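To be precise, the following lines are final_9.txt, and they hold compact mmCIF, C-alpha atoms.
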# COMPACT_ATOMS: atom_id res chain seq x y z
CA MET A 1 -116.02 -48.69 -49.77
CA ALA A 2 -117.39 -48.52 -53.32
CA ARG A 3 -119.84 -45.79 -54.24
CA ARG A 4 -123.34 -46.88 -54.97
CA TYR A 5 -124.40 -45.74 -58.44
CA ASP A 6 -127.59 -43.76 -57.93
CA PRO A 7 -128.47 -41.64 -60.96
CA GLU A 8 -131.81 -40.60 -59.46
CA ARG A 9 -130.35 -39.31 -56.18
CA ARG A 10 -130.29 -35.64 -57.19
CA GLN A 11 -133.95 -35.80 -58.22
CA ARG A 12 -134.89 -37.62 -55.01
CA ILE A 13 -133.20 -34.85 -53.03
CA ILE A 14 -135.16 -32.18 -54.93
CA ASP A 15 -138.41 -34.08 -54.36
CA ALA A 16 -137.55 -34.49 -50.68
CA GLY A 17 -136.81 -30.77 -50.41
CA ILE A 18 -140.21 -30.00 -51.91
CA ARG A 19 -141.90 -32.35 -49.43
CA VAL A 20 -140.04 -30.80 -46.48
CA VAL A 21 -141.06 -27.29 -47.54
CA GLY A 22 -144.62 -28.52 -48.05
CA GLN A 23 -144.70 -29.99 -44.52
CA LYS A 24 -142.60 -27.51 -42.54
CA GLY A 25 -142.29 -24.43 -44.70
CA ILE A 26 -139.03 -22.96 -45.91
CA ALA A 27 -137.96 -22.33 -42.31
CA GLY A 28 -137.99 -26.11 -41.74
CA LEU A 29 -135.66 -26.81 -44.65
CA SER A 30 -132.13 -27.94 -43.83
CA HIS A 31 -129.66 -30.30 -45.43
CA ARG A 32 -130.31 -32.65 -42.51
CA THR A 33 -134.13 -32.67 -42.89
CA VAL A 34 -133.85 -33.18 -46.64
CA ALA A 35 -131.31 -36.00 -46.26
CA ALA A 36 -133.61 -37.75 -43.79
CA GLU A 37 -136.64 -37.29 -46.05
CA ALA A 38 -134.74 -38.53 -49.14
CA ASP A 39 -133.15 -41.37 -47.17
CA VAL A 40 -129.68 -40.39 -48.35
CA PRO A 41 -126.48 -39.56 -46.47
CA LEU A 42 -126.18 -35.92 -45.37
CA GLY A 43 -123.13 -35.53 -47.60
CA SER A 44 -125.25 -36.29 -50.66
CA THR A 45 -127.40 -33.23 -50.15
CA THR A 46 -124.39 -30.95 -49.82
CA TYR A 47 -122.66 -32.65 -52.77
CA HIS A 48 -125.60 -31.95 -55.09
CA PHE A 49 -126.63 -28.64 -53.52
CA LYS A 50 -123.92 -26.61 -51.80
CA THR A 51 -126.46 -24.25 -50.27
CA LEU A 52 -130.13 -24.47 -49.40
CA ASP A 53 -130.73 -21.69 -51.93
CA ASP A 54 -129.30 -24.00 -54.62
CA LEU A 55 -131.84 -26.63 -53.57
CA LEU A 56 -134.67 -24.08 -53.53
CA VAL A 57 -133.69 -22.91 -57.03
CA ALA A 58 -133.94 -26.50 -58.28
CA ALA A 59 -137.29 -26.95 -56.52
CA LEU A 60 -138.69 -23.71 -57.98
CA ARG A 61 -137.50 -24.69 -61.46
CA GLN A 62 -139.31 -28.00 -61.08
CA ALA A 63 -142.46 -26.20 -59.91
CA ASN A 64 -142.27 -23.87 -62.92
CA GLU A 65 -142.08 -26.90 -65.19
CA GLY A 66 -145.32 -28.21 -63.67
CA PHE A 67 -147.25 -25.10 -64.69
CA ALA A 68 -145.59 -25.13 -68.13
CA LYS A 69 -146.90 -28.68 -68.59
CA VAL A 70 -150.44 -27.49 -67.89
CA ILE A 71 -150.03 -24.81 -70.55
CA ALA A 72 -148.53 -27.22 -73.08
CA SER A 73 -151.16 -29.88 -72.49
CA ARG A 74 -153.99 -27.50 -73.37
CA GLY A 75 -152.33 -26.20 -76.56
CA GLY A 76 -154.75 -23.27 -77.00
CA LEU A 77 -152.11 -20.59 -77.43
CA GLN A 78 -151.06 -21.87 -80.83
CA ASP A 79 -154.54 -21.47 -82.33
CA PRO A 80 -155.32 -17.80 -83.09
CA GLU A 81 -159.03 -18.66 -83.10
CA THR A 82 -158.96 -19.79 -79.45
CA ASP A 83 -160.59 -17.34 -77.03
CA LEU A 84 -157.49 -16.19 -75.14
CA ALA A 85 -159.36 -15.13 -71.98
CA ALA A 86 -161.18 -18.48 -71.84
CA GLU A 87 -157.91 -20.36 -72.40
CA LEU A 88 -156.11 -18.49 -69.60
CA ALA A 89 -159.04 -18.87 -67.22
CA GLY A 90 -159.08 -22.58 -68.06
CA TRP A 91 -155.34 -22.87 -67.32
CA MET A 92 -155.79 -21.35 -63.91
CA GLY A 93 -158.80 -23.54 -63.22
CA GLU A 94 -156.93 -26.69 -64.17
CA TRP A 95 -153.87 -25.69 -62.14
CA LEU A 96 -155.85 -24.67 -59.05
CA ALA A 97 -158.00 -27.80 -59.26
CA GLY A 98 -154.90 -29.97 -59.00
CA ASP A 99 -153.04 -30.81 -55.84
CA ARG A 100 -153.74 -27.78 -53.61
CA THR A 101 -150.70 -28.46 -51.47
CA GLY A 102 -148.54 -28.48 -54.59
CA VAL A 103 -149.98 -25.19 -55.83
CA GLU A 104 -149.46 -23.56 -52.42
CA LEU A 105 -145.92 -24.89 -52.35
CA GLU A 106 -145.20 -23.47 -55.80
CA TYR A 107 -146.33 -20.04 -54.64
CA GLU A 108 -144.38 -20.36 -51.40
CA LEU A 109 -141.24 -21.04 -53.41
CA TYR A 110 -142.10 -18.26 -55.88
CA LEU A 111 -142.65 -15.73 -53.08
CA ALA A 112 -139.53 -16.85 -51.23
CA ALA A 113 -137.67 -14.90 -53.91
CA LEU A 114 -138.65 -11.74 -51.99
CA ARG A 115 -136.14 -12.65 -49.26
CA ARG A 116 -133.79 -14.96 -51.17
CA PRO A 117 -132.09 -13.17 -54.06
CA ALA A 118 -130.84 -16.48 -55.51
CA LEU A 119 -134.45 -17.39 -56.33
CA ARG A 120 -135.29 -14.14 -58.12
CA PRO A 121 -133.94 -15.11 -61.55
CA VAL A 122 -135.95 -18.36 -61.50
CA ALA A 123 -139.13 -16.58 -60.39
CA ALA A 124 -138.54 -14.01 -63.13
CA GLU A 125 -137.98 -16.78 -65.70
CA TRP A 126 -141.46 -18.12 -65.03
CA ALA A 127 -143.10 -14.73 -65.54
CA SER A 128 -140.96 -13.93 -68.59
CA ASP A 129 -141.61 -17.30 -70.20
CA LEU A 130 -145.35 -16.99 -69.75
CA ALA A 131 -145.35 -13.38 -71.00
CA GLU A 132 -143.36 -14.45 -74.05
CA ARG A 133 -145.83 -17.23 -74.80
CA LEU A 134 -148.71 -14.76 -74.46
CA SER A 135 -147.02 -12.13 -76.62
CA HIS A 136 -147.60 -14.41 -79.63
CA ARG A 137 -151.29 -13.61 -79.18
CA THR A 138 -151.12 -10.02 -77.91
CA ASP A 139 -148.64 -7.19 -77.45
CA PRO A 140 -145.81 -7.56 -74.88
CA VAL A 141 -147.26 -4.99 -72.42
CA THR A 142 -150.64 -6.70 -72.38
CA ALA A 143 -148.91 -10.07 -72.02
CA ARG A 144 -147.10 -8.86 -68.89
CA ALA A 145 -150.35 -7.40 -67.51
CA LEU A 146 -152.07 -10.75 -68.06
CA VAL A 147 -149.32 -12.56 -66.16
CA ALA A 148 -149.67 -10.12 -63.24
CA LEU A 149 -153.46 -10.47 -63.26
CA MET A 150 -153.29 -14.26 -63.32
CA ASP A 151 -150.82 -14.19 -60.42
CA GLY A 152 -153.17 -11.95 -58.47
CA ILE A 153 -156.21 -14.12 -59.10
CA CYS A 154 -154.34 -17.28 -58.08
CA LEU A 155 -152.98 -15.64 -54.93
CA GLN A 156 -156.44 -14.43 -53.93
CA VAL A 157 -157.86 -17.93 -54.33
CA LEU A 158 -155.03 -19.43 -52.29
CA LEU A 159 -155.05 -16.82 -49.54
CA THR A 160 -158.80 -16.54 -49.08
CA GLU A 161 -159.56 -20.21 -49.71
CA ALA A 162 -162.40 -18.99 -51.91
CA PRO A 163 -163.35 -21.33 -54.72
CA TYR A 164 -161.89 -20.45 -58.10
CA ASP A 165 -164.50 -18.66 -60.23
CA GLU A 166 -163.59 -19.33 -63.85
CA ALA A 167 -166.33 -17.08 -65.23
CA TYR A 168 -165.06 -14.15 -63.14
CA ALA A 169 -161.46 -14.80 -64.24
CA ARG A 170 -162.52 -15.00 -67.89
CA ASP A 171 -164.42 -11.69 -67.59
CA VAL A 172 -161.54 -9.86 -65.91
CA LEU A 173 -158.99 -11.23 -68.39
CA ARG A 174 -161.17 -10.09 -71.31
CA ARG A 175 -161.09 -6.54 -69.92
CA VAL A 176 -157.28 -6.51 -70.22
CA ILE A 177 -157.05 -8.13 -73.67
CA PRO A 178 -157.43 -5.56 -76.49

What would you get if you wrote out this structure as structure tokens?
Amino acid sequence: MARRYDPERRQRIIDAGIRVVGQKGIAGLSHRTVAAEADVPLGSTTYHFKTLDDLLVAALRQANEGFAKVIASRGGLQDPETDLAAELAGWMGEWLAGDRTGVELEYELYLAALRRPALRPVAAEWASDLAERLSHRTDPVTARALVALMDGICLQVLLTEAPYDEAYARDVLRRVIP
């Protein structure tokens, strides 16, 4: 039997893995559930991703890229005249105003690194990349503090289901920026 050429299969498997985690949580993720969701043979999932951690790493990388796109689309970090606190508060507002399920999923994958060591480098990449971007506008220690503060604000919004308060975020971020 000839193989069917399917260059998008790997991406469909990642997308299916993200949907499965979004619907059932990480505990509901298996090669079988992902194969069914992606409508591919079970062997395809194990061919592209030997372990579920490999699939979760790919999913977390894709989630990280989504937030990076929000940052890039705004472009305020390049302009030294831009109010940094307002720009960061705006990023969070734009991100949290998007697909809530997607944002929750991104944090679920991010926090899964607590129990899954394979995810830790990818979670750390996100924080390091953002801190590096911010260090062009402030010192590296403040940049890392801003990343931690933004994480905390986003988690509070997600966990309490409170509406995002951009003015509050802007005020708190200004207190950290020298």

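With only C-alpha atoms as the atoms that count, the residue of A:Val176, A:Val34, A:Leu60, A:Leu134 with the shortest distance to A:Glu87 is A:Leu134.
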
Pairwise distance, atom CA of A:Leu84 with atom CA of A:Cys154, equals 17.4 Å

Let me make sure I understand: among A:Leu105, A:Ala127, A:Ala68, A:Leu42, which one has the smallest atom-to-atom distance to A:Gly22 if we use only C-alpha atoms? A:Leu105
